[in-house]
Amino acid sequence: MSLARTLGPLLDGQVRDDGYTLHLYSSDASMYAIEPLAVAFPKHADDVRALVTACAGLGVPVLPRGAGTSLAGQTVGRAVVVDFSRHMNRILELDGGMARVQPGVVQDQLNRAAAKQGMMFGPDTSTSNRATIGGMIGNNSAGSHSVRYGSTIDHVEALGVVLADASTPDLAADERLGAAVQDILKNLDLSGFPRFWRHSGGYRLDRVTSGDLTPLIVGSEGTLAVVTEATVRLVPKPAGRAIAVGHFTGTLAAVAATHEALALDAASVELMDRAILDLSRQRVDYAGLGDILEGDPEALLFVEFFGEDAADRVEKLAGAWKAAGHGYHTLRALDAATREAVLKVRKAGLGLLMASSVGSRRPLAFVEDTAVPPQALVPYVEEFAAILDRHGMKAGFYGHCSVGCLHIRPFVDLRVPGEVAAMREVAEEIAELAVRHGGVNSSEHGDGLARSEFNERLFGGEVYAAMRAVKRLFDPGNLLNPGKIVDAAPMTEHLRDPGRPEPVHLATTLDFAGGMHAAADRCMNIGACRKDAAGVMCPSYMATREEEHSTRGRANALVKALSSADPKAALGEERLHGILDLCLECKACKSECPLGVDMASLKSEALHQYHQTHGVPLRSRVFGAIRTLNRLGAATAPISNWFAPPLRGLLGLARQRPLPRFRRDTLPRWHARRTAKTEGQEVILLADSFTAFTEPDIGRAAVELLEKAGYRVRLAAEGCCGRSSLSKGLLDRAKAMADDTLARLWAPEAPDVPITGLEPSCLLTLKDEYAALLPGDPRVKAVARRARLVPELLLEAIDDGRLTLGDGLRGRTIVFHGHCHEKAVTGTAATRALLSRIPGAEVIELDAGCCGMAGSFGFEAEHYELSMKIGGLRLFPALEQTAPDTLIAATGVSCRQQIAHGAGRTARHPVEIIHLVS
């Protein structure tokens with residue numbers, strides 16, 4: 001009998017052991033992979049006790065896991081993996097300076113709740129939007145402000161735990177355990193224990209100074225106990241914040257400037273080198289930083305100050321740096337917007353570095369967690385760089401100069417003969433280098449599979465023996481996350497990339513650089529898609545909290561299928577189809593995933609392959625031909641509007657969802673009857689399937705505004721861009737539509753004629769998917785270069801004085817919700833700026849994620865409930881808080897439909913609102 005069938009009935013939660021679930025939990029953000037025995041999702045502490053009891057009886061190991069973002073392989077192993085993030089994620093109590101939480105609570109989740117009382121959790125990891133408190137306790141995590149707040153161990157007051165024998169001792173008062181630990185520590189010489197305070201390696205024997213064993217569990221990586229509850233201390237939020245960003249001509253020059261910052265009591269000092277900075281400039285979502293930098297720095301030093309005098313200390317630091325000859329410019333980030341722009345890039349260092357991976361040559365985490373006293377940092381970095389040079393390795397440098405911790409990740413291809421051995425040599429040399437400079441091998445990311453092997457050498461035989469004794473005391477059967485911290489395998493075992501078979505070639509319709517397998521395998525599991533209250537990615541994960549519904553989960557599922565002996569057959573499997581089904585194709589992953597995993601395109605190709613095995617469903621054929629459907633509906637309106645509802649059952653549409661209303665007065669008919677402007681620069685307006693036939697008023701407003709701005713509008717009202725066919729995996733049809741659209745829009749005799757549109761999902765298909773549908777076609781780049789949303793053209797016209805707006809909306813508030821594709825491909829800055837040009841109006845852009853509608857997704861009966869749940873997470877509540885007279889702007893037709901149905905409010909296209917005051 002499978003473990004799932006054996007263990008499942010014992011829990012209120014779930015246990016799974018199907019092949020895809022096991023694969024998804026076989027890896028974390030490290031370079032390792034081990035397939036687990038099963039995965040459990042407990043709902044409460046009693047579930048955990050029942051699980052541990054049963055596993056002990058079976059002799060099966062247990063491995064606790066939070067977000068699975070560990071960088072050293074802590075959360076992979078041949079065990080029953082216990083995922084606390086799905087159900088055990090509640091804040092149980094929050095009172096002033098203390099919080100009692102379940103282990104699956106995310107750091108930002110706790111901070112949002114604590115902020116209402118003016119408090120926060122001090123240890124702030126760069127992964128705060130997905131890192132769980134349980135995971136932070138397991139690793140003894142720290143963050144950029146550790147020079148001020150220390151590590152997690154400094155903030156844990158008490159823990160509720162389950163031991164390997166399923167007992168639940170009071171760690172602060174258990175006399176038997178306390179006496180046994182004291183006996184192990186008796187006469188133990190801890191002089192060899194690292195003197196540098198910031199370390200997370202081994203068991204923290206040095207922190208057991210009384211009968212309370214809580215500090216011993218922090219940083220133990222789930223090898224001593226399973227944490228089911230934590231009471232943590234909070235700290236007051238800073239009264240004020242300001243950031244100085246020093247610009248330097250080299251990395252060592254930036255490191256050398258750390259002293260002046262620390263002398264002014266900096267709360268953090270963060271380094272970013274040229275390699276990572278250049279990567280940020282290539283990303284839409286980090287474009288704000290490039291606009292405010294001075295010159296072309298080789299390295300940046302981000303220095304943050306807390307307190308009411310924070311801005312004054314920024315000025316003092318700028319003066320001190322200038323006097324000492326450090327750097328050539330200091331950017332003052334004093335207002336919230338500028339601080340947000342610089343902090344966003346600073347926190348994204350790891351993801352940006354990972355994005356530069358080429359195939360299986362990746363920046364790997366095996367020496368990235370060393371730390372030395374800050375005063376030793378300059379010679380340490382020099383010697384570190386020399387070691388990498390000697391081994392022919394390149395790396396990006398970023399991290400926490402304030403505490404001597406730089407996250408240096410060499411690029412290594414573990415599938416190349418000799419590189420595994422070279423990696424090991426570097427790891428050994430760097431560990432010795434850190435110790436020689438008075439530092440540590442693990443400073444905030446723990447030991448895991450990458451560093452546990454070195455603990456005996458680093459701590460010495462006597463201390464290591466005491467650590468082994470502690471492990472035997474708490475876990476005599478070696479059933480709790482075995483092979484970590486003590487008695488570990490060599491760091492070169494269980495490596496992810498060398499253990500995978502060479503993928504079989506699969507012919508695809510979409511063009512993926514390096515193939516479909518490589519496109520999915522870009523994911524390195526850092527888990528940015530698991531955030532739950534910011535950005536867009538990943539909307540279905542935010543609603544279900546299921547790993548397989550995250551971008552990471554879907555990418556890994558595809559890797560499994562595409563690694564099989566027959567990938568085409570694997571893409572036709574129902575289990576995989578179910579995993580991909582809830583992807584809304586919002587495209588947020590293409591921009592918000594630091595590695596740019598394009599799950600929307602991967603899903604389109606996977607659906608295409610699936611259809612070749614199973615055929616194309618009627619509903620997919622109908623929605624894939626949405627332009628034809630809308631054109632026929634408009635031609636027969638209003639009769640079509642009467643007969644459309646009875647067809648719901650035939651197509652499997654949700655009865656609760658209102659259907660769009662076809663309009664007989666279509667945009668093409670209106671445009672054909674009117675006297676069009678004949679002078680001015682020509683612009684081609686793409687009359688998409690919705691603007692043309694169901695929302696023609698928006699198109700009319702756009703035409704009139706463009707003409708007022710001096711343009712001569714040519715309406716492109718024939719054919720379909722192929723967006724709907726793409727979303728349904730009808731790639732042959734989409735390819736034909738793209739070819740037809742390019743034939744109509746490509747104009748080599750008029751290369752500067754703008755092509756504009758109102759529906760982001762349609763116009764931006766020209767800029768995005770056409771390159772994958774028709775690779776190498778010279779028309780693609782030419783048309784993509786000319787494609788711009790209507791708000792971009794109107795904004796330019798206003799700023800050039802060609803279009804003037806009145807003040808009819810003075811004193812009004814406009815709340816703007818951007819379309820997901822707009823956010824992913826071009827960003828929403830132009831649309832927001834356009835609305836901001838309305839005299840006297842206040843414009844607020846919502847960070848409300850995806851609306852949940854996603855074209856046909858929200859109409860489909862089996863997806864309706866999830867669609868509404870996604871909208872209800874952030875968008876509907878945000879709109880409910882607005883005044884009744886607030887104007888709501890939304891660029892997407894789906895967004896406007898969802899807002900009307902889910903929030904009971906009317907949303908208008910931003911162009912309609914501009915038209916009101918033109």
# chains A, B, ... in the order shown; residues from 1 in each chain; ligands from 1

call {"tool": "closest_atom_pairs", "arguments": {"of": "region 51-79 of chain A", "to": "region 444-467 of chain A", "cutoff": "8 Å", "atoms": "only C-alpha atoms", "output": "JSON lines"}}
result
{"residue": "A:Ser70", "atom": "CA", "partner": "A:His445", "partner_atom": "CA", "distance": 7.1}
{"residue": "A:Leu71", "atom": "CA", "partner": "A:His445", "partner_atom": "CA", "distance": 6.5}
{"residue": "A:Ala72", "atom": "CA", "partner": "A:Gly448", "partner_atom": "CA", "distance": 4.8}
{"residue": "A:Gly73", "atom": "CA", "partner": "A:Gly448", "partner_atom": "CA", "distance": 4.9}
{"residue": "A:Gln74", "atom": "CA", "partner": "A:Gly448", "partner_atom": "CA", "distance": 4.2}
{"residue": "A:Thr75", "atom": "CA", "partner": "A:Gly448", "partner_atom": "CA", "distance": 7.9}

call {"tool": "select_by_dssp", "arguments": {"residues": "region 356-605 of chain A", "states": "helix (DSSP H, G or I)", "output": "PyMOL selection string"}}
result
chain A and resi 374-390+401-403+419-436+448-459+461-474+516-520+528-530+539-544+547-549+551-562+567-570+574-581+588-592+599-605

call {"tool": "residues_around", "arguments": {"residues": "region 900-906 of chain A", "least_positions_apart": "3", "cutoff": "12 Å", "atoms": "only C-alpha atoms", "output": "MDAnalysis selection string"}}
result
chainID A and resid 656:660 815 851:853 858:859 864:865 867:890 893:897 909

call {"tool": "closest_residue", "arguments": {"among": "A:Phe643, A:Asp532, A:Ala253, A:Thr228", "to": "Gln109 (chain A)", "atoms": "only C-alpha atoms"}}
result
A:Asp532

call {"tool": "atom_distance", "arguments": {"atom1": "CA of Glu605 (chain A)", "atom2": "CA of Met542 (chain A)"}}
result
24.2 Å

call {"tool": "closest_atom_pairs", "arguments": {"of": "region 604-705 of chain A", "to": "region 709-715 of chain A", "cutoff": "9 Å", "atoms": "only C-alpha atoms", "output": "tab-separated table"}}
result
residue	atom	partner	partner_atom	distance
A:Pro668	CA	A:Leu715	CA	7.6
A:His671	CA	A:Leu715	CA	7.7
A:Ala676	CA	A:Val713	CA	7.6
A:Lys677	CA	A:Arg712	CA	5.6
A:Thr678	CA	A:Arg712	CA	6.0
A:Glu679	CA	A:Arg712	CA	5.9
A:Gly680	CA	A:Tyr711	CA	5.0
A:Gln681	CA	A:Tyr711	CA	5.0
A:Glu682	CA	A:Arg712	CA	4.6
A:Val683	CA	A:Val713	CA	5.1
A:Ile684	CA	A:Arg714	CA	4.8
A:Leu685	CA	A:Leu715	CA	5.0
A:Leu686	CA	A:Leu715	CA	6.3
A:Ala687	CA	A:Leu715	CA	6.5
A:Val703	CA	A:Val713	CA	6.6
A:Glu704	CA	A:Ala709	CA	8.6
A:Leu705	CA	A:Ala709	CA	6.2

call {"tool": "closest_residue", "arguments": {"among": "A:Asp46, A:Asp170, A:Glu592, A:Asp124", "to": "Cys820 (chain A)", "atoms": "only C-alpha atoms"}}
result
A:Glu592

call {"tool": "residues_around", "arguments": {"residues": "Gly19 (chain A)", "least_positions_apart": "4", "cutoff": "10 Å", "atoms": "only C-alpha atoms", "output": "CSV table (one decimal) with C-alpha atoms, in the first residue's frame"}}
result
chain,number,residue,atom,x,y,z
A,23,HIS,CA,8.8,15.5,-8.4
A,24,LEU,CA,7.6,19.0,-7.4
A,35,GLU,CA,12.6,12.5,-4.6
A,38,ALA,CA,5.4,11.3,0.1
A,557,ALA,CA,5.9,19.6,-13.8
A,560,LYS,CA,9.3,16.1,-15.5
A,575,ARG,CA,-2.5,14.8,-14.4

call {"tool": "select_by_dssp", "arguments": {"residues": "region 203-275 of chain A", "states": "strand (DSSP E or B)", "output": "list in words"}}
result
Val226, Val227, Thr228, Glu229, Ala230, Thr231, Val232, Arg233, Val235, Pro236, Arg241, Ala242, Ile243, Ala244, Val245, Gly246, His247, Phe248, Ser268, Val269, Glu270, Leu271, Met272 and Asp273 of chain A

call {"tool": "write_last_selection", "arguments": {"atoms": "N, CA and C atoms", "output": "PDB file, in the first residue's frame"}}
result
ATOM      1  N   VAL A 226      10.174  18.975  14.998  1.00  0.00           N
ATOM      2  CA  VAL A 226       9.275  19.588  14.020  1.00  0.00           C
ATOM      3  C   VAL A 226       8.528  20.710  14.723  1.00  0.00           C
ATOM      4  N   VAL A 227       8.712  21.928  14.253  1.00  0.00           N
ATOM      5  CA  VAL A 227       8.082  23.095  14.870  1.00  0.00           C
ATOM      6  C   VAL A 227       6.634  23.208  14.391  1.00  0.00           C
ATOM      7  N   THR A 228       5.717  23.303  15.344  1.00  0.00           N
ATOM      8  CA  THR A 228       4.298  23.453  15.010  1.00  0.00           C
ATOM      9  C   THR A 228       3.746  24.821  15.390  1.00  0.00           C
ATOM     10  N   GLU A 229       4.509  25.566  16.174  1.00  0.00           N
ATOM     11  CA  GLU A 229       4.057  26.893  16.618  1.00  0.00           C
ATOM     12  C   GLU A 229       5.273  27.662  17.108  1.00  0.00           C
ATOM     13  N   ALA A 230       5.246  28.980  16.945  1.00  0.00           N
ATOM     14  CA  ALA A 230       6.365  29.802  17.388  1.00  0.00           C
ATOM     15  C   ALA A 230       5.853  31.094  18.003  1.00  0.00           C
ATOM     16  N   THR A 231       6.442  31.463  19.111  1.00  0.00           N
ATOM     17  CA  THR A 231       6.196  32.774  19.702  1.00  0.00           C
ATOM     18  C   THR A 231       7.449  33.606  19.461  1.00  0.00           C
ATOM     19  N   VAL A 232       7.296  34.704  18.742  1.00  0.00           N
ATOM     20  CA  VAL A 232       8.446  35.521  18.359  1.00  0.00           C
ATOM     21  C   VAL A 232       8.257  36.952  18.860  1.00  0.00           C
ATOM     22  N   ARG A 233       9.384  37.561  19.179  1.00  0.00           N
ATOM     23  CA  ARG A 233       9.363  38.962  19.598  1.00  0.00           C
ATOM     24  C   ARG A 233       9.385  39.870  18.371  1.00  0.00           C
ATOM     25  N   VAL A 235       9.754  44.048  16.868  1.00  0.00           N
ATOM     26  CA  VAL A 235      10.475  45.288  17.138  1.00  0.00           C
ATOM     27  C   VAL A 235       9.677  46.454  16.575  1.00  0.00           C
ATOM     28  N   PRO A 236       9.834  47.651  17.122  1.00  0.00           N
ATOM     29  CA  PRO A 236       9.107  48.816  16.590  1.00  0.00           C
ATOM     30  C   PRO A 236       9.543  49.136  15.164  1.00  0.00           C
ATOM     31  N   ARG A 241      13.031  56.675   7.493  1.00  0.00           N
ATOM     32  CA  ARG A 241      13.970  55.890   6.698  1.00  0.00           C
ATOM     33  C   ARG A 241      14.529  56.764   5.593  1.00  0.00           C
ATOM     34  N   ALA A 242      15.786  56.534   5.262  1.00  0.00           N
ATOM     35  CA  ALA A 242      16.413  57.216   4.135  1.00  0.00           C
ATOM     36  C   ALA A 242      17.557  56.339   3.642  1.00  0.00           C
ATOM     37  N   ILE A 243      17.844  56.445   2.355  1.00  0.00           N
ATOM     38  CA  ILE A 243      18.852  55.575   1.745  1.00  0.00           C
ATOM     39  C   ILE A 243      19.843  56.418   0.947  1.00  0.00           C
ATOM     40  N   ALA A 244      21.094  56.092   1.117  1.00  0.00           N
ATOM     41  CA  ALA A 244      22.147  56.644   0.266  1.00  0.00           C
ATOM     42  C   ALA A 244      22.618  55.541  -0.667  1.00  0.00           C
ATOM     43  N   VAL A 245      22.714  55.852  -1.951  1.00  0.00           N
ATOM     44  CA  VAL A 245      23.199  54.874  -2.925  1.00  0.00           C
ATOM     45  C   VAL A 245      24.504  55.391  -3.505  1.00  0.00           C
ATOM     46  N   GLY A 246      25.613  54.826  -3.032  1.00  0.00           N
ATOM     47  CA  GLY A 246      26.919  55.235  -3.508  1.00  0.00           C
ATOM     48  C   GLY A 246      27.245  54.595  -4.841  1.00  0.00           C
ATOM     49  N   HIS A 247      27.825  55.384  -5.741  1.00  0.00           N
ATOM     50  CA  HIS A 247      28.227  54.920  -7.068  1.00  0.00           C
ATOM     51  C   HIS A 247      29.751  54.765  -7.078  1.00  0.00           C
ATOM     52  N   PHE A 248      30.217  53.594  -7.506  1.00  0.00           N
ATOM     53  CA  PHE A 248      31.649  53.312  -7.430  1.00  0.00           C
ATOM     54  C   PHE A 248      32.167  52.752  -8.756  1.00  0.00           C
ATOM     55  N   SER A 268      21.662  49.132   7.409  1.00  0.00           N
ATOM     56  CA  SER A 268      22.077  48.121   6.431  1.00  0.00           C
ATOM     57  C   SER A 268      23.059  48.744   5.464  1.00  0.00           C
ATOM     58  N   VAL A 269      23.955  47.914   4.950  1.00  0.00           N
ATOM     59  CA  VAL A 269      24.883  48.320   3.901  1.00  0.00           C
ATOM     60  C   VAL A 269      24.926  47.168   2.898  1.00  0.00           C
ATOM     61  N   GLU A 270      24.386  47.401   1.705  1.00  0.00           N
ATOM     62  CA  GLU A 270      24.205  46.328   0.721  1.00  0.00           C
ATOM     63  C   GLU A 270      24.983  46.622  -0.555  1.00  0.00           C
ATOM     64  N   LEU A 271      25.637  45.601  -1.073  1.00  0.00           N
ATOM     65  CA  LEU A 271      26.438  45.723  -2.283  1.00  0.00           C
ATOM     66  C   LEU A 271      25.717  45.113  -3.480  1.00  0.00           C
ATOM     67  N   MET A 272      25.860  45.752  -4.627  1.00  0.00           N
ATOM     68  CA  MET A 272      25.422  45.163  -5.890  1.00  0.00           C
ATOM     69  C   MET A 272      26.466  45.494  -6.946  1.00  0.00           C
ATOM     70  N   ASP A 273      26.982  44.454  -7.614  1.00  0.00           N
ATOM     71  CA  ASP A 273      28.033  44.724  -8.590  1.00  0.00           C
ATOM     72  C   ASP A 273      27.458  44.920  -9.986  1.00  0.00           C
TER      73      ASP A 273
END

call {"tool": "closest_residue", "arguments": {"among": "A:Glu822, A:Gly729, A:Met599, A:Ala701", "to": "Pro910 (chain A)", "atoms": "only C-alpha atoms"}}
result
A:Ala701

call {"tool": "residues_around", "arguments": {"residues": "Ala336 (chain A)", "least_positions_apart": "3", "cutoff": "12 Å", "atoms": "only C-alpha atoms", "output": "list of chain:residue names"}}
result
A:Gly240, A:Arg241, A:Ala242, A:Ile243, A:Arg332, A:Ala333, A:Arg339, A:Glu340, A:Ala341, A:Val342, A:Leu343, A:Lys344

call {"tool": "write_last_selection", "arguments": {"atoms": "N, CA and C atoms", "output": "PDB file, in the first residue's frame"}}
result
ATOM      1  N   GLY A 240      11.641  56.740  10.831  1.00  0.00           N
ATOM      2  CA  GLY A 240      11.954  57.360   9.548  1.00  0.00           C
ATOM      3  C   GLY A 240      12.973  56.515   8.818  1.00  0.00           C
ATOM      4  N   ARG A 241      13.031  56.675   7.493  1.00  0.00           N
ATOM      5  CA  ARG A 241      13.970  55.890   6.698  1.00  0.00           C
ATOM      6  C   ARG A 241      14.529  56.764   5.593  1.00  0.00           C
ATOM      7  N   ALA A 242      15.786  56.534   5.262  1.00  0.00           N
ATOM      8  CA  ALA A 242      16.413  57.216   4.135  1.00  0.00           C
ATOM      9  C   ALA A 242      17.557  56.339   3.642  1.00  0.00           C
ATOM     10  N   ILE A 243      17.844  56.445   2.355  1.00  0.00           N
ATOM     11  CA  ILE A 243      18.852  55.575   1.745  1.00  0.00           C
ATOM     12  C   ILE A 243      19.843  56.418   0.947  1.00  0.00           C
ATOM     13  N   ARG A 332      20.555  60.312  -3.195  1.00  0.00           N
ATOM     14  CA  ARG A 332      19.758  60.399  -1.972  1.00  0.00           C
ATOM     15  C   ARG A 332      18.353  59.889  -2.256  1.00  0.00           C
ATOM     16  N   ALA A 333      18.003  58.792  -1.661  1.00  0.00           N
ATOM     17  CA  ALA A 333      16.652  58.228  -1.798  1.00  0.00           C
ATOM     18  C   ALA A 333      15.894  58.564  -0.525  1.00  0.00           C
ATOM     19  N   ARG A 339      12.863  55.359  -2.646  1.00  0.00           N
ATOM     20  CA  ARG A 339      13.309  54.251  -1.788  1.00  0.00           C
ATOM     21  C   ARG A 339      12.786  52.919  -2.316  1.00  0.00           C
ATOM     22  N   GLU A 340      11.521  52.935  -2.730  1.00  0.00           N
ATOM     23  CA  GLU A 340      10.922  51.697  -3.231  1.00  0.00           C
ATOM     24  C   GLU A 340      11.647  51.211  -4.476  1.00  0.00           C
ATOM     25  N   ALA A 341      12.003  52.140  -5.359  1.00  0.00           N
ATOM     26  CA  ALA A 341      12.677  51.764  -6.602  1.00  0.00           C
ATOM     27  C   ALA A 341      14.032  51.131  -6.334  1.00  0.00           C
ATOM     28  N   VAL A 342      14.812  51.715  -5.426  1.00  0.00           N
ATOM     29  CA  VAL A 342      16.155  51.178  -5.176  1.00  0.00           C
ATOM     30  C   VAL A 342      16.099  49.891  -4.351  1.00  0.00           C
ATOM     31  N   LEU A 343      15.155  49.814  -3.403  1.00  0.00           N
ATOM     32  CA  LEU A 343      15.061  48.604  -2.582  1.00  0.00           C
ATOM     33  C   LEU A 343      14.554  47.420  -3.393  1.00  0.00           C
ATOM     34  N   LYS A 344      13.705  47.674  -4.360  1.00  0.00           N
ATOM     35  CA  LYS A 344      13.171  46.592  -5.183  1.00  0.00           C
ATOM     36  C   LYS A 344      14.297  45.879  -5.913  1.00  0.00           C
TER      37      LYS A 344
END

call {"tool": "residues_around", "arguments": {"residues": "region 188-205 of chain A", "least_positions_apart": "3", "cutoff": "8 Å", "atoms": "only C-alpha atoms", "output": "ChimeraX atom specification"}}
result
/A:139-141,150-151,184-185,208,215-220,371-373,403,438-447,452,455,459-460,462-463,467,485-486

call {"tool": "write_last_selection", "arguments": {"atoms": "N, CA and C atoms", "output": "compact mmCIF listing (two decimals), in the first residue's frame"}}
result
# COMPACT_ATOMS: atom_id res chain seq x y z
N ASN A 139 16.45 27.67 9.51
CA ASN A 139 17.75 28.09 9.00
C ASN A 139 18.45 29.11 9.88
N ASN A 140 17.76 29.62 10.91
CA ASN A 140 18.26 30.78 11.65
C ASN A 140 18.58 31.91 10.67
N SER A 141 17.58 32.29 9.90
CA SER A 141 17.75 33.27 8.84
C SER A 141 18.04 34.65 9.38
N GLY A 150 19.99 41.52 14.31
CA GLY A 150 20.52 40.19 14.54
C GLY A 150 19.84 39.15 13.65
N SER A 151 19.84 37.90 14.11
CA SER A 151 19.28 36.79 13.35
C SER A 151 17.98 36.31 14.00
N ILE A 184 25.81 16.75 28.02
CA ILE A 184 26.61 16.75 26.80
C ILE A 184 27.56 17.94 26.77
N LEU A 185 27.07 19.08 27.24
CA LEU A 185 27.86 20.31 27.18
C LEU A 185 28.87 20.42 28.32
N VAL A 208 22.95 27.78 24.41
CA VAL A 208 22.23 27.07 25.48
C VAL A 208 22.90 27.42 26.81
N PRO A 215 16.82 27.85 21.92
CA PRO A 215 17.87 28.25 20.95
C PRO A 215 18.49 27.09 20.21
N LEU A 216 18.46 25.91 20.80
CA LEU A 216 19.05 24.75 20.15
C LEU A 216 18.25 24.32 18.92
N ILE A 217 16.95 24.55 18.94
CA ILE A 217 16.09 24.17 17.82
C ILE A 217 16.22 25.16 16.66
N VAL A 218 16.45 26.44 17.00
CA VAL A 218 16.59 27.45 15.95
C VAL A 218 17.88 27.17 15.16
N GLY A 219 17.74 27.04 13.87
CA GLY A 219 18.89 26.73 13.02
C GLY A 219 19.17 25.25 12.88
N SER A 220 18.33 24.40 13.47
CA SER A 220 18.60 22.96 13.42
C SER A 220 18.02 22.29 12.17
N ALA A 371 30.74 34.54 5.72
CA ALA A 371 30.75 35.91 6.26
C ALA A 371 31.99 36.07 7.12
N VAL A 372 32.55 37.26 7.07
CA VAL A 372 33.72 37.60 7.88
C VAL A 372 33.45 38.94 8.55
N PRO A 373 34.17 39.27 9.62
CA PRO A 373 34.01 40.59 10.21
C PRO A 373 34.18 41.68 9.16
N VAL A 403 27.55 43.35 7.61
CA VAL A 403 27.87 42.22 8.48
C VAL A 403 28.87 41.28 7.83
N GLY A 438 38.58 34.92 10.31
CA GLY A 438 37.74 35.07 11.50
C GLY A 438 36.27 34.96 11.23
N GLY A 439 35.90 34.35 10.11
CA GLY A 439 34.50 34.28 9.73
C GLY A 439 33.90 32.89 9.83
N VAL A 440 32.80 32.70 9.12
CA VAL A 440 32.04 31.45 9.19
C VAL A 440 31.67 30.99 7.79
N ASN A 441 31.38 29.70 7.68
CA ASN A 441 31.01 29.12 6.39
C ASN A 441 29.52 29.25 6.12
N SER A 442 28.71 29.34 7.16
CA SER A 442 27.25 29.50 7.02
C SER A 442 26.83 30.68 7.89
N SER A 443 26.28 31.71 7.27
CA SER A 443 25.95 32.90 8.05
C SER A 443 24.45 33.18 8.12
N GLU A 444 23.66 32.69 7.17
CA GLU A 444 22.21 32.89 7.23
C GLU A 444 21.42 31.88 6.42
N HIS A 445 22.08 31.10 5.61
CA HIS A 445 21.39 30.14 4.75
C HIS A 445 21.54 28.70 5.24
N GLY A 446 22.24 28.49 6.32
CA GLY A 446 22.33 27.17 6.92
C GLY A 446 23.29 26.22 6.21
N ASP A 447 23.27 24.96 6.66
CA ASP A 447 24.21 23.95 6.18
C ASP A 447 23.63 23.09 5.06
N SER A 452 27.03 20.87 5.29
CA SER A 452 27.09 20.02 6.49
C SER A 452 28.35 19.16 6.52
N ASN A 455 31.33 20.48 8.59
CA ASN A 455 31.17 20.90 9.99
C ASN A 455 32.20 20.30 10.92
N PHE A 459 34.33 22.93 13.05
CA PHE A 459 34.06 23.05 14.48
C PHE A 459 35.05 22.29 15.35
N GLY A 460 35.74 21.33 14.74
CA GLY A 460 36.65 20.49 15.52
C GLY A 460 35.95 19.24 16.00
N GLU A 462 35.80 17.58 18.89
CA GLU A 462 35.09 17.53 20.16
C GLU A 462 33.71 18.18 20.06
N VAL A 463 33.64 19.36 19.48
CA VAL A 463 32.36 20.05 19.34
C VAL A 463 31.44 19.27 18.40
N MET A 467 27.67 17.73 18.93
CA MET A 467 26.52 17.94 18.04
C MET A 467 25.87 16.61 17.68
N ILE A 485 23.45 18.74 8.79
CA ILE A 485 24.22 19.27 9.91
C ILE A 485 25.25 18.25 10.42
N VAL A 486 24.82 17.03 10.76
CA VAL A 486 25.78 16.00 11.15
C VAL A 486 25.55 14.76 10.29

call {"tool": "residues_around", "arguments": {"residues": "region 40-43 of chain A", "least_positions_apart": "2", "cutoff": "6 Å", "atoms": "only C-alpha atoms", "output": "list in words"}}
result
Gly13, Gln14, Val15, Asp47, Val82, Asp83, His87 and Met88 of chain A

call {"tool": "write_last_selection", "arguments": {"atoms": "C-alpha atoms", "output": "short mmCIF file (atom, residue, chain, number, x, y, z; two decimals), in the first residue's frame"}}
result
data_model
loop_
_atom_site.label_atom_id
_atom_site.label_comp_id
_atom_site.auth_asym_id
_atom_site.auth_seq_id
_atom_site.Cartn_x
_atom_site.Cartn_y
_atom_site.Cartn_z
CA GLY A 13 -5.04 17.29 5.98
CA GLN A 14 -3.82 15.43 2.92
CA VAL A 15 -0.99 13.10 1.95
CA ASP A 47 -2.02 16.16 12.34
CA VAL A 82 5.66 18.07 5.48
CA ASP A 83 4.46 21.25 3.74
CA HIS A 87 -2.79 25.09 5.80
CA MET A 88 -0.76 25.92 8.91
#

call {"tool": "closest_residue", "arguments": {"among": "A:Arg130, A:Arg723, A:Arg522, A:His817", "to": "Thr69 (chain A)", "atoms": "only C-alpha atoms"}}
result
A:Arg130

call {"tool": "closest_residue", "arguments": {"among": "A:Leu731, A:Leu510, A:Cys589, A:Val255", "to": "Ala771 (chain A)", "atoms": "only C-alpha atoms"}}
result
A:Leu510
